[in-house]
Amino acid sequence: MSSSGIETALVTGANRGLGLAFVEELVDRGTDRVFAAARNVADCVPLVQPFGATIQPIPLDLADPASIDAAVALTADIDLLVSNAGISLIGPFFDHAEADLRAMFEVNFWGPQRLVRGLVPQLRKNGGGILHVLSMASLLPALSAEGYSASKAAAMMAGHGMRHALRADGISVTQIGRASCRERV
């Protein structure tokens with residue numbers, strides 16, 4: 001078992017930024033296997049060179065239910081889900097087409113919910129946990145990104161519901177917010 005107690009983890013949005021930092025930290029802490037997920041799996045392949053067989057890149061498009069189902073099937077026996085992937089739309093709320101707002105909600109809210117539902121049996125068996133990476137914009141509307149704020153606020157509220165629903169199963173649910181230079185709160 002790794003020094004962190006995590007043997008197998010799945011990190012979404014693992015190809016850059018905070019997702020990549022989570023992958024690196026999990027490897028540094030001795031996690032045996034890290035599934036590095038991204039919409040374009042080729043973006044995660046370079047992680048294998050510095051980290052070796054510990055990293056297993058997998059494709060995952062949170063807007064595609066079939067992709068989510070395939071990722072769940074590939075990641076048997078995980079202890080930790082780091083739900084990090086997300087997209088944003090910058091600009092005044094009414095400048096965005098409804099289809100674009102719906103697509104953002106699909107990635108930021110619905111996709112992660114589907115993924116968690118698929119992974120619950122594994123997490124329950126392993127006494128695992130879920131780490132939802134949210135945004136400070138889930139608490140306060142990000143100027144010129146109000147739709148993004150709404151999608152992250154919805155994800156935050158769902159996370160609170162999951163924490164309550166999964167507590168008896170021994171699955172911990174943690175939510176963290178982050179601020180980026182693109183979020184003007």
# chains A, B, ... in the order shown; residues from 1 in each chain; ligands from 1
call {"tool": "closest_atom_pairs", "arguments": {"of": "stretch 7-27 of chain A", "to": "stretch 64-71 of chain A", "cutoff": "12 Å", "atoms": "only C-alpha atoms", "output": "Markdown table"}}
result
| residue | atom | partner | partner_atom | distance |
| --- | --- | --- | --- | --- |
| A:Leu10 | CA | A:Ala71 | CA | 9.4 |
| A:Val11 | CA | A:Ala71 | CA | 11.2 |
| A:Thr12 | CA | A:Ala71 | CA | 10.3 |
call {"tool": "write_last_selection", "arguments": {"atoms": "all heavy atoms", "output": "PDB file, in the first residue's frame"}}
result
ATOM      1  N   LEU A  10      -8.220   7.668 -10.029  1.00  0.00           N
ATOM      2  CA  LEU A  10      -8.624   8.177 -11.340  1.00  0.00           C
ATOM      3  C   LEU A  10      -8.667   9.694 -11.227  1.00  0.00           C
ATOM      4  O   LEU A  10      -9.343  10.231 -10.339  1.00  0.00           O
ATOM      5  CB  LEU A  10     -10.000   7.636 -11.727  1.00  0.00           C
ATOM      6  CG  LEU A  10     -10.707   8.312 -12.908  1.00  0.00           C
ATOM      7  CD1 LEU A  10      -9.899   8.200 -14.197  1.00  0.00           C
ATOM      8  CD2 LEU A  10     -12.099   7.724 -13.096  1.00  0.00           C
ATOM      9  N   VAL A  11      -7.931  10.370 -12.113  1.00  0.00           N
ATOM     10  CA  VAL A  11      -7.910  11.830 -12.146  1.00  0.00           C
ATOM     11  C   VAL A  11      -8.475  12.267 -13.491  1.00  0.00           C
ATOM     12  O   VAL A  11      -7.929  11.908 -14.540  1.00  0.00           O
ATOM     13  CB  VAL A  11      -6.484  12.392 -11.970  1.00  0.00           C
ATOM     14  CG1 VAL A  11      -6.496  13.920 -12.040  1.00  0.00           C
ATOM     15  CG2 VAL A  11      -5.863  11.904 -10.666  1.00  0.00           C
ATOM     16  N   THR A  12      -9.556  13.038 -13.464  1.00  0.00           N
ATOM     17  CA  THR A  12     -10.112  13.570 -14.715  1.00  0.00           C
ATOM     18  C   THR A  12      -9.466  14.919 -15.003  1.00  0.00           C
ATOM     19  O   THR A  12      -9.043  15.629 -14.091  1.00  0.00           O
ATOM     20  CB  THR A  12     -11.640  13.717 -14.648  1.00  0.00           C
ATOM     21  OG1 THR A  12     -11.992  14.748 -13.733  1.00  0.00           O
ATOM     22  CG2 THR A  12     -12.307  12.404 -14.253  1.00  0.00           C
TER      23      THR A  12
END
call {"tool": "select_by_dssp", "arguments": {"residues": "chain A", "states": "helix (DSSP H, G or I)", "output": "MDAnalysis selection string"}}
result
chainID A and resid 17:28 41:43 45:54 65:74 93:95 98:126 136:138 146:169
call {"tool": "closest_residue", "arguments": {"among": "A:Lys152, A:Val116, A:Gly129, A:Cys44", "to": "A:Arg167", "atoms": "only C-alpha atoms"}}
result
A:Gly129
call {"tool": "residues_around", "arguments": {"residues": "stretch 31-41 of chain A", "least_positions_apart": "2", "cutoff": "9 Å", "atoms": "only C-alpha atoms", "output": "PyMOL selection string"}}
result
chain A and resi 1-15+19-20+23+25-29+43-45+47+53-62+71+74-75+78+85
call {"tool": "residues_around", "arguments": {"residues": "A:Ser88", "least_positions_apart": "5", "cutoff": "8 Å", "atoms": "only C-alpha atoms", "output": "NGL selection string"}}
result
:A and (104 or 145 or 148)
call {"tool": "write_last_selection", "arguments": {"atoms": "C-alpha atoms", "output": "mmCIF file, in the first residue's frame"}}
result
data_model
loop_
_atom_site.group_PDB
_atom_site.id
_atom_site.type_symbol
_atom_site.label_atom_id
_atom_site.label_comp_id
_atom_site.auth_asym_id
_atom_site.auth_seq_id
_atom_site.Cartn_x
_atom_site.Cartn_y
_atom_site.Cartn_z
ATOM 1 C CA MET A 104 -20.839 23.249 -20.233
ATOM 2 C CA ALA A 145 -18.791 33.812 -16.538
ATOM 3 C CA TYR A 148 -19.832 28.764 -15.406
#
call {"tool": "atom_distance", "arguments": {"atom1": "atom CA of A:Ala155", "atom2": "atom CA of A:Phe109"}}
result
5.1 Å
call {"tool": "select_by_dssp", "arguments": {"residues": "stretch 14-185 of chain A", "states": "strand (DSSP E)", "output": "list in words"}}
result
Arg33, Val34, Phe35, Ala36, Ala37, Ala38, Ile55, Gln56, Pro57, Ile58, Pro59, Leu80, Leu81, Val82, Ser83, Gly129, Ile130, Leu131, His132, Val133, Ser172, Val173, Thr174, Gln175 and Ile176 of chain A
call {"tool": "atom_distance", "arguments": {"atom1": "atom CA of A:Ser172", "atom2": "atom CA of A:Asn126"}}
result
11.3 Å
call {"tool": "residues_around", "arguments": {"residues": "A:Val72", "least_positions_apart": "5", "cutoff": "9 Å", "atoms": "only C-alpha atoms", "output": "VMD selection string"}}
result
chain A and resid 67 115 118 to 119
call {"tool": "write_last_selection", "arguments": {"atoms": "N, CA, C and O atoms", "output": "CSV table (one decimal), in the first residue's frame"}}
result
chain,number,residue,atom,x,y,z
A,67,SER,N,-18.6,7.2,-23.2
A,67,SER,CA,-17.2,7.4,-22.8
A,67,SER,C,-17.0,7.2,-21.3
A,67,SER,O,-16.1,6.6,-20.8
A,115,LEU,N,-20.3,9.7,-13.7
A,115,LEU,CA,-19.1,9.1,-13.4
A,115,LEU,C,-19.1,8.6,-12.0
A,115,LEU,O,-18.8,7.4,-11.7
A,118,GLY,N,-21.3,5.5,-11.6
A,118,GLY,CA,-20.7,4.3,-12.1
A,118,GLY,C,-19.6,3.8,-11.2
A,118,GLY,O,-19.4,2.6,-11.1
A,119,LEU,N,-18.9,4.7,-10.5
A,119,LEU,CA,-17.8,4.3,-9.6
A,119,LEU,C,-18.2,3.9,-8.2
A,119,LEU,O,-17.4,3.3,-7.5
call {"tool": "closest_residue", "arguments": {"among": "A:Gly147, A:Gly91, A:Gly127, A:Pro141", "to": "A:Asp169", "atoms": "only C-alpha atoms"}}
result
A:Gly127
call {"tool": "closest_residue", "arguments": {"among": "A:Gly159, A:Pro46, A:Gly128, A:Gly30", "to": "A:Ile176", "atoms": "only C-alpha atoms"}}
result
A:Gly159
call {"tool": "atom_distance", "arguments": {"atom1": "atom CA of A:Leu101", "atom2": "atom CA of A:Ser151"}}
result
8.8 Å
call {"tool": "decode", "arguments": {"residues": "stretch 119-136 of chain A", "atoms": "N, CA, C and O atoms", "output": "short mmCIF file (atom, residue, chain, number, x, y, z; two decimals), in the first residue's frame"}}
result
data_model
loop_
_atom_site.label_atom_id
_atom_site.label_comp_id
_atom_site.auth_asym_id
_atom_site.auth_seq_id
_atom_site.Cartn_x
_atom_site.Cartn_y
_atom_site.Cartn_z
N LEU A 119 -18.91 4.68 -10.48
CA LEU A 119 -17.78 4.26 -9.64
C LEU A 119 -18.17 3.89 -8.21
O LEU A 119 -17.36 3.32 -7.49
N VAL A 120 -19.38 4.22 -7.80
CA VAL A 120 -19.79 3.95 -6.41
C VAL A 120 -19.55 2.50 -6.00
O VAL A 120 -19.03 2.26 -4.90
N PRO A 121 -19.88 1.49 -6.80
CA PRO A 121 -19.62 0.11 -6.34
C PRO A 121 -18.14 -0.14 -6.01
O PRO A 121 -17.84 -0.80 -5.01
N GLN A 122 -17.25 0.39 -6.84
CA GLN A 122 -15.81 0.22 -6.57
C GLN A 122 -15.40 0.95 -5.30
O GLN A 122 -14.68 0.42 -4.46
N LEU A 123 -15.84 2.19 -5.19
CA LEU A 123 -15.48 3.00 -4.04
C LEU A 123 -16.06 2.43 -2.75
O LEU A 123 -15.41 2.45 -1.70
N ARG A 124 -17.26 1.89 -2.83
CA ARG A 124 -17.89 1.27 -1.67
C ARG A 124 -17.07 0.05 -1.23
O ARG A 124 -16.78 -0.12 -0.04
N LYS A 125 -16.69 -0.77 -2.17
CA LYS A 125 -15.92 -1.98 -1.87
C LYS A 125 -14.57 -1.63 -1.24
O LYS A 125 -14.11 -2.32 -0.33
N ASN A 126 -13.96 -0.54 -1.71
CA ASN A 126 -12.62 -0.17 -1.25
C ASN A 126 -12.60 0.86 -0.14
O ASN A 126 -11.53 1.27 0.30
N GLY A 127 -13.78 1.31 0.30
CA GLY A 127 -13.81 2.37 1.31
C GLY A 127 -13.13 3.63 0.80
O GLY A 127 -12.39 4.29 1.52
N GLY A 128 -13.38 3.93 -0.46
CA GLY A 128 -12.67 5.01 -1.14
C GLY A 128 -13.26 6.38 -0.92
O GLY A 128 -14.12 6.59 -0.06
N GLY A 129 -12.78 7.30 -1.75
CA GLY A 129 -13.22 8.67 -1.61
C GLY A 129 -13.32 9.39 -2.94
O GLY A 129 -12.81 8.92 -3.97
N ILE A 130 -13.97 10.53 -2.88
CA ILE A 130 -14.17 11.39 -4.05
C ILE A 130 -13.69 12.78 -3.68
O ILE A 130 -14.06 13.30 -2.62
N LEU A 131 -12.89 13.36 -4.55
CA LEU A 131 -12.46 14.74 -4.39
C LEU A 131 -12.99 15.51 -5.59
O LEU A 131 -12.59 15.26 -6.72
N HIS A 132 -13.94 16.41 -5.34
CA HIS A 132 -14.49 17.26 -6.39
C HIS A 132 -13.73 18.57 -6.40
O HIS A 132 -13.69 19.28 -5.38
N VAL A 133 -13.13 18.89 -7.53
CA VAL A 133 -12.46 20.17 -7.68
C VAL A 133 -13.48 21.14 -8.27
O VAL A 133 -13.96 20.94 -9.38
N LEU A 134 -13.83 22.11 -7.49
CA LEU A 134 -14.84 23.07 -7.91
C LEU A 134 -14.16 24.38 -8.28
O LEU A 134 -13.16 24.40 -8.95
N SER A 135 -14.71 25.44 -7.81
CA SER A 135 -14.21 26.76 -8.14
C SER A 135 -14.76 27.74 -7.13
O SER A 135 -15.86 27.54 -6.59
N MET A 136 -14.02 28.79 -6.89
CA MET A 136 -14.57 29.86 -6.04
C MET A 136 -15.82 30.42 -6.71
O MET A 136 -16.69 30.96 -6.04
#
